$ cat protein-v3.pdb   # PDB, C-alpha atoms and all ligand atoms
ATOM      1  CA  MET A   1       0.000   0.000   0.000  1.00  0.00           C
ATOM      2  CA  ARG A   2       1.276   3.433  -0.884  1.00  0.00           C
ATOM      3  CA  LYS A   3       1.659   5.944   1.864  1.00  0.00           C
ATOM      4  CA  LYS A   4      -1.019   8.649   1.927  1.00  0.00           C
ATOM      5  CA  ILE A   5       0.521  12.043   2.529  1.00  0.00           C
ATOM      6  CA  VAL A   6      -0.804  15.537   3.050  1.00  0.00           C
ATOM      7  CA  ALA A   7       1.977  18.109   3.123  1.00  0.00           C
ATOM      8  CA  GLY A   8       1.573  21.800   3.808  1.00  0.00           C
ATOM      9  CA  ASN A   9       3.894  24.242   2.079  1.00  0.00           C
ATOM     10  CA  TRP A  10       3.839  27.407   4.151  1.00  0.00           C
ATOM     11  CA  LYS A  11       6.095  29.156   1.620  1.00  0.00           C
ATOM     12  CA  MET A  12       7.242  32.536   2.993  1.00  0.00           C
ATOM     13  CA  ASN A  13       4.330  32.932   5.394  1.00  0.00           C
ATOM     14  CA  LYS A  14       4.070  33.022   9.216  1.00  0.00           C
ATOM     15  CA  ASN A  15       6.748  34.372  11.508  1.00  0.00           C
ATOM     16  CA  LEU A  16       8.059  31.918  14.086  1.00  0.00           C
ATOM     17  CA  ASN A  17       5.458  32.775  16.696  1.00  0.00           C
ATOM     18  CA  GLU A  18       2.593  32.540  14.215  1.00  0.00           C
ATOM     19  CA  GLY A  19       3.998  29.249  12.965  1.00  0.00           C
ATOM     20  CA  ILE A  20       4.053  27.815  16.490  1.00  0.00           C
ATOM     21  CA  ILE A  21       0.430  28.863  16.993  1.00  0.00           C
ATOM     22  CA  LEU A  22      -0.597  27.224  13.709  1.00  0.00           C
ATOM     23  CA  ALA A  23       1.295  24.024  14.540  1.00  0.00           C
ATOM     24  CA  ASN A  24      -0.349  23.867  17.975  1.00  0.00           C
ATOM     25  CA  GLU A  25      -3.825  24.392  16.514  1.00  0.00           C
ATOM     26  CA  LEU A  26      -3.175  21.513  14.174  1.00  0.00           C
ATOM     27  CA  ILE A  27      -1.739  19.260  16.888  1.00  0.00           C
ATOM     28  CA  GLU A  28      -4.915  19.708  18.930  1.00  0.00           C
ATOM     29  CA  LYS A  29      -6.914  18.303  16.020  1.00  0.00           C
ATOM     30  CA  LEU A  30      -4.458  15.546  15.156  1.00  0.00           C
ATOM     31  CA  ILE A  31      -4.354  14.266  18.738  1.00  0.00           C
ATOM     32  CA  SER A  32      -7.982  13.202  18.598  1.00  0.00           C
ATOM     33  CA  SER A  33      -7.776  11.707  15.138  1.00  0.00           C
ATOM     34  CA  SER A  34      -6.664   8.259  14.105  1.00  0.00           C
ATOM     35  CA  ILE A  35      -6.370   8.696  10.359  1.00  0.00           C
ATOM     36  CA  ASP A  36      -3.617   6.863   8.561  1.00  0.00           C
ATOM     37  CA  VAL A  37      -2.113   9.820   6.730  1.00  0.00           C
ATOM     38  CA  GLU A  38       1.386  11.185   7.034  1.00  0.00           C
ATOM     39  CA  VAL A  39       1.137  14.890   7.747  1.00  0.00           C
ATOM     40  CA  ILE A  40       4.100  17.048   6.769  1.00  0.00           C
ATOM     41  CA  LEU A  41       4.666  20.729   7.456  1.00  0.00           C
ATOM     42  CA  GLY A  42       6.929  22.492   4.965  1.00  0.00           C
ATOM     43  CA  VAL A  43       8.124  25.468   6.963  1.00  0.00           C
ATOM     44  CA  PRO A  44      10.724  28.231   6.504  1.00  0.00           C
ATOM     45  CA  PHE A  45      14.290  27.352   7.502  1.00  0.00           C
ATOM     46  CA  THR A  46      14.041  29.580  10.587  1.00  0.00           C
ATOM     47  CA  HIS A  47      11.181  27.446  11.923  1.00  0.00           C
ATOM     48  CA  LEU A  48      12.532  23.963  11.269  1.00  0.00           C
ATOM     49  CA  GLU A  49      13.953  23.124  14.653  1.00  0.00           C
ATOM     50  CA  LYS A  50      11.160  24.613  16.744  1.00  0.00           C
ATOM     51  CA  ILE A  51       8.290  23.153  14.732  1.00  0.00           C
ATOM     52  CA  THR A  52      10.024  19.759  14.729  1.00  0.00           C
ATOM     53  CA  SER A  53      10.470  19.808  18.483  1.00  0.00           C
ATOM     54  CA  ILE A  54       6.822  20.581  19.320  1.00  0.00           C
ATOM     55  CA  SER A  55       5.214  17.332  18.202  1.00  0.00           C
ATOM     56  CA  LYS A  56       5.641  13.935  16.615  1.00  0.00           C
ATOM     57  CA  LYS A  57       2.143  14.108  15.136  1.00  0.00           C
ATOM     58  CA  TYR A  58       3.620  15.457  11.913  1.00  0.00           C
ATOM     59  CA  SER A  59       6.937  15.446  10.078  1.00  0.00           C
ATOM     60  CA  VAL A  60       8.710  18.615   9.095  1.00  0.00           C
ATOM     61  CA  SER A  61      10.089  19.592   5.708  1.00  0.00           C
ATOM     62  CA  ALA A  62      12.394  22.318   4.465  1.00  0.00           C
ATOM     63  CA  GLN A  63      11.348  24.098   1.275  1.00  0.00           C
ATOM     64  CA  ASN A  64      14.756  24.113  -0.386  1.00  0.00           C
ATOM     65  CA  CYS A  65      18.424  23.329   0.265  1.00  0.00           C
ATOM     66  CA  SER A  66      21.762  24.397  -1.141  1.00  0.00           C
ATOM     67  CA  ALA A  67      23.284  22.584  -4.119  1.00  0.00           C
ATOM     68  CA  GLN A  68      26.629  22.824  -2.301  1.00  0.00           C
ATOM     69  CA  GLU A  69      27.742  20.655   0.549  1.00  0.00           C
ATOM     70  CA  SER A  70      29.335  23.379   2.696  1.00  0.00           C
ATOM     71  CA  GLY A  71      31.670  26.352   2.509  1.00  0.00           C
ATOM     72  CA  ALA A  72      31.706  29.970   1.413  1.00  0.00           C
ATOM     73  CA  PHE A  73      28.149  30.264   0.122  1.00  0.00           C
ATOM     74  CA  THR A  74      26.705  33.164   2.094  1.00  0.00           C
ATOM     75  CA  GLY A  75      23.032  32.786   2.893  1.00  0.00           C
ATOM     76  CA  GLU A  76      22.764  29.170   1.806  1.00  0.00           C
ATOM     77  CA  ILE A  77      21.461  26.316   3.981  1.00  0.00           C
ATOM     78  CA  SER A  78      22.994  22.874   3.562  1.00  0.00           C
ATOM     79  CA  THR A  79      21.350  19.478   3.774  1.00  0.00           C
ATOM     80  CA  LYS A  80      23.472  18.681   6.839  1.00  0.00           C
ATOM     81  CA  MET A  81      22.123  21.806   8.556  1.00  0.00           C
ATOM     82  CA  ILE A  82      18.564  20.785   7.717  1.00  0.00           C
ATOM     83  CA  GLN A  83      19.157  17.279   8.965  1.00  0.00           C
ATOM     84  CA  SER A  84      20.572  18.614  12.230  1.00  0.00           C
ATOM     85  CA  THR A  85      17.249  20.353  12.989  1.00  0.00           C
ATOM     86  CA  GLY A  86      15.388  17.030  13.028  1.00  0.00           C
ATOM     87  CA  ALA A  87      13.491  17.774   9.813  1.00  0.00           C
ATOM     88  CA  LYS A  88      12.952  14.710   7.623  1.00  0.00           C
ATOM     89  CA  TYR A  89      11.908  16.096   4.252  1.00  0.00           C
ATOM     90  CA  VAL A  90      12.984  18.687   1.692  1.00  0.00           C
ATOM     91  CA  ILE A  91      10.707  20.066  -1.020  1.00  0.00           C
ATOM     92  CA  LEU A  92      12.719  20.438  -4.232  1.00  0.00           C
ATOM     93  CA  GLY A  93      11.892  21.698  -7.692  1.00  0.00           C
ATOM     94  CA  HIS A  94       8.935  23.842  -6.711  1.00  0.00           C
ATOM     95  CA  SER A  95       7.935  26.021  -9.662  1.00  0.00           C
ATOM     96  CA  GLU A  96       8.412  29.152  -7.554  1.00  0.00           C
ATOM     97  CA  ARG A  97      12.071  28.178  -7.174  1.00  0.00           C
ATOM     98  CA  ARG A  98      12.410  27.257 -10.823  1.00  0.00           C
ATOM     99  CA  ILE A  99      10.807  30.521 -11.955  1.00  0.00           C
ATOM    100  CA  PHE A 100      11.933  33.142  -9.394  1.00  0.00           C
ATOM    101  CA  HIS A 101      15.306  31.623  -8.471  1.00  0.00           C
ATOM    102  CA  LYS A 102      16.154  30.186 -11.863  1.00  0.00           C
ATOM    103  CA  GLU A 103      16.780  26.692 -10.530  1.00  0.00           C
ATOM    104  CA  ASN A 104      17.403  24.325 -13.384  1.00  0.00           C
ATOM    105  CA  ASN A 105      17.320  20.561 -13.650  1.00  0.00           C
ATOM    106  CA  SER A 106      21.061  20.194 -13.141  1.00  0.00           C
ATOM    107  CA  ASP A 107      20.987  22.260  -9.884  1.00  0.00           C
ATOM    108  CA  LEU A 108      18.090  20.122  -8.754  1.00  0.00           C
ATOM    109  CA  ALA A 109      19.858  16.840  -9.517  1.00  0.00           C
ATOM    110  CA  LYS A 110      22.718  17.964  -7.238  1.00  0.00           C
ATOM    111  CA  LYS A 111      20.307  18.919  -4.488  1.00  0.00           C
ATOM    112  CA  VAL A 112      18.548  15.563  -4.722  1.00  0.00           C
ATOM    113  CA  ASP A 113      21.891  13.763  -4.343  1.00  0.00           C
ATOM    114  CA  LEU A 114      22.834  15.815  -1.278  1.00  0.00           C
ATOM    115  CA  CYS A 115      19.469  15.136   0.352  1.00  0.00           C
ATOM    116  CA  LEU A 116      19.857  11.402  -0.196  1.00  0.00           C
ATOM    117  CA  MET A 117      23.379  11.532   1.210  1.00  0.00           C
ATOM    118  CA  ASP A 118      22.038  13.101   4.384  1.00  0.00           C
ATOM    119  CA  ASP A 119      18.984  10.861   4.704  1.00  0.00           C
ATOM    120  CA  LEU A 120      16.471  13.545   3.871  1.00  0.00           C
ATOM    121  CA  ILE A 121      13.395  12.520   1.914  1.00  0.00           C
ATOM    122  CA  VAL A 122      12.837  14.606  -1.197  1.00  0.00           C
ATOM    123  CA  ILE A 123       9.394  15.760  -2.217  1.00  0.00           C
ATOM    124  CA  TYR A 124      10.165  16.422  -5.859  1.00  0.00           C
ATOM    125  CA  CYS A 125       7.829  18.852  -7.627  1.00  0.00           C
ATOM    126  CA  CYS A 126       7.114  18.845 -11.317  1.00  0.00           C
ATOM    127  CA  GLY A 127       4.434  20.485 -13.403  1.00  0.00           C
ATOM    128  CA  GLU A 128       3.767  22.368 -16.607  1.00  0.00           C
ATOM    129  CA  THR A 129       2.899  26.004 -17.270  1.00  0.00           C
ATOM    130  CA  LEU A 130      -0.364  27.031 -18.886  1.00  0.00           C
ATOM    131  CA  SER A 131       1.345  27.573 -22.243  1.00  0.00           C
ATOM    132  CA  ASP A 132       2.915  24.103 -22.031  1.00  0.00           C
ATOM    133  CA  ARG A 133      -0.548  22.667 -21.540  1.00  0.00           C
ATOM    134  CA  GLU A 134      -2.196  24.778 -24.203  1.00  0.00           C
ATOM    135  CA  SER A 135       0.421  23.741 -26.723  1.00  0.00           C
ATOM    136  CA  GLY A 136      -0.011  20.086 -25.798  1.00  0.00           C
ATOM    137  CA  ASN A 137       3.503  19.779 -24.358  1.00  0.00           C
ATOM    138  CA  HIS A 138       2.519  19.107 -20.754  1.00  0.00           C
ATOM    139  CA  PHE A 139       3.385  15.412 -20.745  1.00  0.00           C
ATOM    140  CA  MET A 140       6.748  16.033 -22.390  1.00  0.00           C
ATOM    141  CA  VAL A 141       7.658  18.844 -19.974  1.00  0.00           C
ATOM    142  CA  VAL A 142       6.825  16.787 -16.896  1.00  0.00           C
ATOM    143  CA  LYS A 143       8.645  13.774 -18.315  1.00  0.00           C
ATOM    144  CA  SER A 144      11.851  15.709 -18.840  1.00  0.00           C
ATOM    145  CA  GLN A 145      11.639  17.349 -15.399  1.00  0.00           C
ATOM    146  CA  ILE A 146      11.555  13.830 -13.979  1.00  0.00           C
ATOM    147  CA  GLU A 147      14.103  12.193 -16.270  1.00  0.00           C
ATOM    148  CA  ASP A 148      16.696  14.956 -16.106  1.00  0.00           C
ATOM    149  CA  VAL A 149      16.660  15.249 -12.325  1.00  0.00           C
ATOM    150  CA  LEU A 150      15.883  11.770 -11.037  1.00  0.00           C
ATOM    151  CA  PHE A 151      16.838   9.117 -13.544  1.00  0.00           C
ATOM    152  CA  HIS A 152      20.469   8.907 -12.470  1.00  0.00           C
ATOM    153  CA  LEU A 153      19.245   7.475  -9.146  1.00  0.00           C
ATOM    154  CA  SER A 154      19.293   3.786  -8.354  1.00  0.00           C
ATOM    155  CA  GLY A 155      15.985   2.068  -7.692  1.00  0.00           C
ATOM    156  CA  GLU A 156      16.794   1.924  -4.004  1.00  0.00           C
ATOM    157  CA  GLN A 157      17.394   5.677  -3.898  1.00  0.00           C
ATOM    158  CA  MET A 158      14.355   6.437  -6.022  1.00  0.00           C
ATOM    159  CA  SER A 159      12.076   4.426  -3.768  1.00  0.00           C
ATOM    160  CA  LYS A 160      12.741   6.958  -1.007  1.00  0.00           C
ATOM    161  CA  LEU A 161      11.321   9.935  -2.901  1.00  0.00           C
ATOM    162  CA  VAL A 162       7.869  11.440  -3.003  1.00  0.00           C
ATOM    163  CA  ILE A 163       6.628  13.120  -6.188  1.00  0.00           C
ATOM    164  CA  ALA A 164       4.353  16.162  -6.271  1.00  0.00           C
ATOM    165  CA  TYR A 165       2.574  17.109  -9.483  1.00  0.00           C
ATOM    166  CA  GLU A 166       1.888  20.815  -9.351  1.00  0.00           C
ATOM    167  CA  PRO A 167       0.590  22.391 -12.562  1.00  0.00           C
ATOM    168  CA  VAL A 168       1.945  25.941 -12.459  1.00  0.00           C
ATOM    169  CA  TRP A 169      -1.342  27.365 -13.727  1.00  0.00           C
ATOM    170  CA  ALA A 170      -3.145  25.976 -10.678  1.00  0.00           C
ATOM    171  CA  ILE A 171      -0.768  27.274  -7.995  1.00  0.00           C
ATOM    172  CA  GLY A 172      -2.215  30.097  -5.953  1.00  0.00           C
ATOM    173  CA  THR A 173      -4.669  30.919  -8.726  1.00  0.00           C
ATOM    174  CA  GLY A 174      -7.832  29.362  -7.349  1.00  0.00           C
ATOM    175  CA  VAL A 175      -7.984  27.340 -10.569  1.00  0.00           C
ATOM    176  CA  THR A 176      -7.612  23.665  -9.743  1.00  0.00           C
ATOM    177  CA  ALA A 177      -6.843  20.899 -12.170  1.00  0.00           C
ATOM    178  CA  SER A 178      -9.965  18.778 -12.466  1.00  0.00           C
ATOM    179  CA  SER A 179      -9.696  15.446 -10.705  1.00  0.00           C
ATOM    180  CA  ASP A 180      -9.605  13.805 -14.161  1.00  0.00           C
ATOM    181  CA  GLN A 181      -6.732  16.026 -15.275  1.00  0.00           C
ATOM    182  CA  ALA A 182      -4.860  15.209 -12.076  1.00  0.00           C
ATOM    183  CA  GLN A 183      -5.493  11.479 -12.474  1.00  0.00           C
ATOM    184  CA  GLU A 184      -4.399  11.552 -16.107  1.00  0.00           C
ATOM    185  CA  MET A 185      -1.054  13.181 -15.255  1.00  0.00           C
ATOM    186  CA  HIS A 186      -0.480  11.098 -12.109  1.00  0.00           C
ATOM    187  CA  ALA A 187      -1.043   7.891 -14.083  1.00  0.00           C
ATOM    188  CA  PHE A 188       1.361   9.171 -16.744  1.00  0.00           C
ATOM    189  CA  ILE A 189       3.992   9.988 -14.095  1.00  0.00           C
ATOM    190  CA  ARG A 190       3.608   6.548 -12.560  1.00  0.00           C
ATOM    191  CA  SER A 191       4.025   4.964 -15.993  1.00  0.00           C
ATOM    192  CA  ILE A 192       7.313   6.829 -16.512  1.00  0.00           C
ATOM    193  CA  PHE A 193       8.630   5.304 -13.293  1.00  0.00           C
ATOM    194  CA  THR A 194       7.310   1.885 -14.257  1.00  0.00           C
ATOM    195  CA  GLN A 195       9.242   2.006 -17.519  1.00  0.00           C
ATOM    196  CA  LYS A 196      12.471   3.001 -15.820  1.00  0.00           C
ATOM    197  CA  TYR A 197      12.304   1.212 -12.463  1.00  0.00           C
ATOM    198  CA  GLY A 198       9.620  -1.440 -12.783  1.00  0.00           C
ATOM    199  CA  LEU A 199       6.150  -1.989 -11.418  1.00  0.00           C
ATOM    200  CA  GLU A 200       7.031  -2.703  -7.831  1.00  0.00           C
ATOM    201  CA  LEU A 201       8.735   0.648  -7.375  1.00  0.00           C
ATOM    202  CA  SER A 202       6.159   2.682  -9.267  1.00  0.00           C
ATOM    203  CA  ARG A 203       3.277   1.102  -7.390  1.00  0.00           C
ATOM    204  CA  GLY A 204       4.864   2.107  -4.108  1.00  0.00           C
ATOM    205  CA  LEU A 205       5.546   5.696  -5.112  1.00  0.00           C
ATOM    206  CA  SER A 206       3.391   8.353  -3.457  1.00  0.00           C
ATOM    207  CA  ILE A 207       2.387  11.020  -5.968  1.00  0.00           C
ATOM    208  CA  LEU A 208       0.817  14.139  -4.480  1.00  0.00           C
ATOM    209  CA  TYR A 209      -1.288  16.755  -6.229  1.00  0.00           C
ATOM    210  CA  GLY A 210      -0.681  20.457  -5.583  1.00  0.00           C
ATOM    211  CA  GLY A 211      -2.401  23.571  -6.902  1.00  0.00           C
ATOM    212  CA  SER A 212      -5.374  25.321  -5.261  1.00  0.00           C
ATOM    213  CA  CYS A 213      -6.282  22.182  -3.352  1.00  0.00           C
ATOM    214  CA  LYS A 214      -8.777  23.081  -0.641  1.00  0.00           C
ATOM    215  CA  PRO A 215     -11.430  21.483   1.578  1.00  0.00           C
ATOM    216  CA  SER A 216     -14.067  21.819  -1.152  1.00  0.00           C
ATOM    217  CA  ASN A 217     -12.146  19.880  -3.815  1.00  0.00           C
ATOM    218  CA  ALA A 218      -9.709  17.651  -1.902  1.00  0.00           C
ATOM    219  CA  GLN A 219     -12.085  14.710  -1.591  1.00  0.00           C
ATOM    220  CA  ASP A 220     -12.754  14.566  -5.314  1.00  0.00           C
ATOM    221  CA  ILE A 221      -9.047  14.819  -6.174  1.00  0.00           C
ATOM    222  CA  PHE A 222      -7.900  12.326  -3.513  1.00  0.00           C
ATOM    223  CA  SER A 223     -10.516   9.811  -4.662  1.00  0.00           C
ATOM    224  CA  LYS A 224      -8.529   9.187  -7.849  1.00  0.00           C
ATOM    225  CA  GLU A 225      -6.544   6.016  -8.066  1.00  0.00           C
ATOM    226  CA  ASP A 226      -3.136   7.535  -8.691  1.00  0.00           C
ATOM    227  CA  VAL A 227      -3.476  10.511  -6.354  1.00  0.00           C
ATOM    228  CA  ASP A 228      -1.896   9.684  -3.012  1.00  0.00           C
ATOM    229  CA  GLY A 229      -2.409  13.007  -1.293  1.00  0.00           C
ATOM    230  CA  GLY A 230      -1.658  16.675  -1.663  1.00  0.00           C
ATOM    231  CA  LEU A 231       0.930  19.403  -1.389  1.00  0.00           C
ATOM    232  CA  ILE A 232      -1.065  22.290  -0.051  1.00  0.00           C
ATOM    233  CA  GLY A 233      -0.110  25.962  -0.163  1.00  0.00           C
ATOM    234  CA  GLY A 234      -2.659  28.589   0.898  1.00  0.00           C
ATOM    235  CA  ALA A 235      -5.047  26.189   2.618  1.00  0.00           C
ATOM    236  CA  SER A 236      -2.256  24.846   4.847  1.00  0.00           C
ATOM    237  CA  LEU A 237      -2.040  28.229   6.576  1.00  0.00           C
ATOM    238  CA  ASN A 238      -5.347  27.652   8.312  1.00  0.00           C
ATOM    239  CA  ALA A 239      -5.526  24.708  10.742  1.00  0.00           C
ATOM    240  CA  ASN A 240      -9.235  24.030  10.092  1.00  0.00           C
ATOM    241  CA  ASP A 241      -8.855  23.963   6.333  1.00  0.00           C
ATOM    242  CA  PHE A 242      -5.678  21.911   6.435  1.00  0.00           C
ATOM    243  CA  TYR A 243      -7.222  19.403   8.828  1.00  0.00           C
ATOM    244  CA  GLN A 244     -10.249  19.013   6.572  1.00  0.00           C
ATOM    245  CA  ILE A 245      -7.922  18.258   3.673  1.00  0.00           C
ATOM    246  CA  ILE A 246      -6.056  15.695   5.788  1.00  0.00           C
ATOM    247  CA  ASN A 247      -9.418  14.029   6.373  1.00  0.00           C
ATOM    248  CA  ALA A 248     -10.472  14.121   2.743  1.00  0.00           C
ATOM    249  CA  PHE A 249      -9.381  10.583   1.823  1.00  0.00           C
TER     250      PHE A 249
HETATM  251  P1  LIG A 301      -1.701  26.646  -3.443  1.00  0.00           P
HETATM  252  O1  LIG A 301      -2.327  25.506  -2.696  1.00  0.00           O
HETATM  253  O2  LIG A 301      -1.711  27.926  -2.661  1.00  0.00           O
HETATM  254  O3  LIG A 301      -2.236  26.779  -4.828  1.00  0.00           O
HETATM  255  O4  LIG A 301      -0.144  26.280  -3.598  1.00  0.00           O
HETATM  256  C1  LIG A 301       0.206  25.027  -4.030  1.00  0.00           C
HETATM  257  C2  LIG A 301       1.656  24.874  -3.873  1.00  0.00           C
HETATM  258  O5  LIG A 301       2.429  25.562  -4.519  1.00  0.00           O
HETATM  259  C3  LIG A 301       2.143  23.911  -2.889  1.00  0.00           C
HETATM  260  O6  LIG A 301       3.511  23.717  -3.005  1.00  0.00           O
END

$ encode --input "protein-v3.pdb" --output "structure tokens"
Amino acid sequence: MRKKIVAGNWKMNKNLNEGIILANELIEKLISSSIDVEVILGVPFTHLEKITSISKKYSVSAQNCSAQESGAFTGEISTKMIQSTGAKYVILGHSERRIFHKENNSDLAKKVDLCLMDDLIVIYCCGETLSDRESGNHFMVVKSQIEDVLFHLSGEQMSKLVIAYEPVWAIGTGVTASSDQAQEMHAFIRSIFTQKYGLELSRGLSILYGGSCKPSNAQDIFSKEDVDGGLIGGASLNANDFYQIINAF
């Protein structure tokens, strides 16, 4: 059985104090619930240690890491630093990093390797822009984002990753991919992994959907066969909304 995962991506929201309040609101709800879903909070670097130390009801993720191991790289945060906070995950390849910080597939391949070296689980994001989709290139774009960054990994390494499909046109726009569009792309992504790594690996791979996922549409999206959960932006900033999404399976 694949792991069901709901991960929040707080992005650059919530100062430390506000983040602690949000985490505590969520913990209160999670304590009384027995659902079999891994909950992950993707928080700013400054919050990693504190949010990790508050509770074991969720796992904590960084939202990026350096492509360098250590050294004179002012302002960068290494995988070893992230690991030392107790965080378990790192979100890589988010479109906001690709677009605003010009991260390319070769930077991302290095980051993936460093995460694996330091036992951090990568949540690898892929997804097409609106023009990619309108020109019919969406499958090709997603395929190359996956091949170029992940296909140098061994099967054993690959089996430790989580994939997040996040169509850029659905992020923060209020426009969600329909559950059929999500299923179509998730099944395609799984088939790419089947071809490269075989059925056993691809069947075990959790593939999350991200892009304007909210309480009103999560159930429909999560009901699809190849959707194993969500990577949630805006709606993860409100404990009630996020908890409803966690319960949407
Ligand atoms: P929204 O849920 O705000 O659209 O953001 C999705 C996202 O980018 C998660 O990483």

$ closest_residue --input "protein-v3.pdb" --among "A:Gln219, A:Thr173, A:Ser106, A:Gln157" --to "ligand LIG 301 (chain A)" --atoms "only C-alpha atoms and all ligand atoms"
A:Thr173

$ atom_distance --input "protein-v3.pdb" --atom1 "atom C3 of ligand LIG 301 (chain A)" --atom2 "atom CA of A:Val149"
19.4 Å

$ resolve_selection --input "protein-v3.pdb" --expression "the PyMOL selection byres (((chain A and resi 52) around 10) and not hetatm)" --output "PyMOL selection string"
chain A and resi 23+41+43+47-51+53-61+85-88

$ residues_near_ligand --input "protein-v3.pdb" --ligand "ligand LIG 301 (chain A)" --cutoff "7 Å" --atoms "all atoms listed in the file" --output "PDB file with C-alpha atoms, in the coordinates of the input"
ATOM      1  CA  ASN A   9       3.894  24.242   2.079  1.00  0.00           C
ATOM      2  CA  HIS A  94       8.935  23.842  -6.711  1.00  0.00           C
ATOM      3  CA  GLU A 166       1.888  20.815  -9.351  1.00  0.00           C
ATOM      4  CA  ALA A 170      -3.145  25.976 -10.678  1.00  0.00           C
ATOM      5  CA  ILE A 171      -0.768  27.274  -7.995  1.00  0.00           C
ATOM      6  CA  GLY A 172      -2.215  30.097  -5.953  1.00  0.00           C
ATOM      7  CA  THR A 173      -4.669  30.919  -8.726  1.00  0.00           C
ATOM      8  CA  GLY A 174      -7.832  29.362  -7.349  1.00  0.00           C
ATOM      9  CA  GLY A 210      -0.681  20.457  -5.583  1.00  0.00           C
ATOM     10  CA  GLY A 211      -2.401  23.571  -6.902  1.00  0.00           C
ATOM     11  CA  SER A 212      -5.374  25.321  -5.261  1.00  0.00           C
ATOM     12  CA  CYS A 213      -6.282  22.182  -3.352  1.00  0.00           C
ATOM     13  CA  LEU A 231       0.930  19.403  -1.389  1.00  0.00           C
ATOM     14  CA  ILE A 232      -1.065  22.290  -0.051  1.00  0.00           C
ATOM     15  CA  GLY A 233      -0.110  25.962  -0.163  1.00  0.00           C
ATOM     16  CA  GLY A 234      -2.659  28.589   0.898  1.00  0.00           C
ATOM     17  CA  ALA A 235      -5.047  26.189   2.618  1.00  0.00           C
TER      18      ALA A 235
END

$ closest_residue --input "protein-v3.pdb" --among "A:Ala177, A:Leu120, A:Ala109, A:Val37" --to "A:Lys3" --atoms "all atoms listed in the file"
A:Val37

$ resolve_selection --input "protein-v3.pdb" --expression "the PyMOL selection byres (((chain A and resi 205) around 10) and not hetatm)" --output "ChimeraX atom specification"
/A:1-3,158-163,190,193,199-204,206-208,226,228

$ write_last_selection --input "protein-v3.pdb" --atoms "C-alpha atoms" --output "CSV table (one decimal), in the coordinates of the input"
chain,number,residue,atom,x,y,z
A,1,MET,CA,0.0,0.0,0.0
A,2,ARG,CA,1.3,3.4,-0.9
A,3,LYS,CA,1.7,5.9,1.9
A,158,MET,CA,14.4,6.4,-6.0
A,159,SER,CA,12.1,4.4,-3.8
A,160,LYS,CA,12.7,7.0,-1.0
A,161,LEU,CA,11.3,9.9,-2.9
A,162,VAL,CA,7.9,11.4,-3.0
A,163,ILE,CA,6.6,13.1,-6.2
A,190,ARG,CA,3.6,6.5,-12.6
A,193,PHE,CA,8.6,5.3,-13.3
A,199,LEU,CA,6.2,-2.0,-11.4
A,200,GLU,CA,7.0,-2.7,-7.8
A,201,LEU,CA,8.7,0.6,-7.4
A,202,SER,CA,6.2,2.7,-9.3
A,203,ARG,CA,3.3,1.1,-7.4
A,204,GLY,CA,4.9,2.1,-4.1
A,206,SER,CA,3.4,8.4,-3.5
A,207,ILE,CA,2.4,11.0,-6.0
A,208,LEU,CA,0.8,14.1,-4.5
A,226,ASP,CA,-3.1,7.5,-8.7
A,228,ASP,CA,-1.9,9.7,-3.0
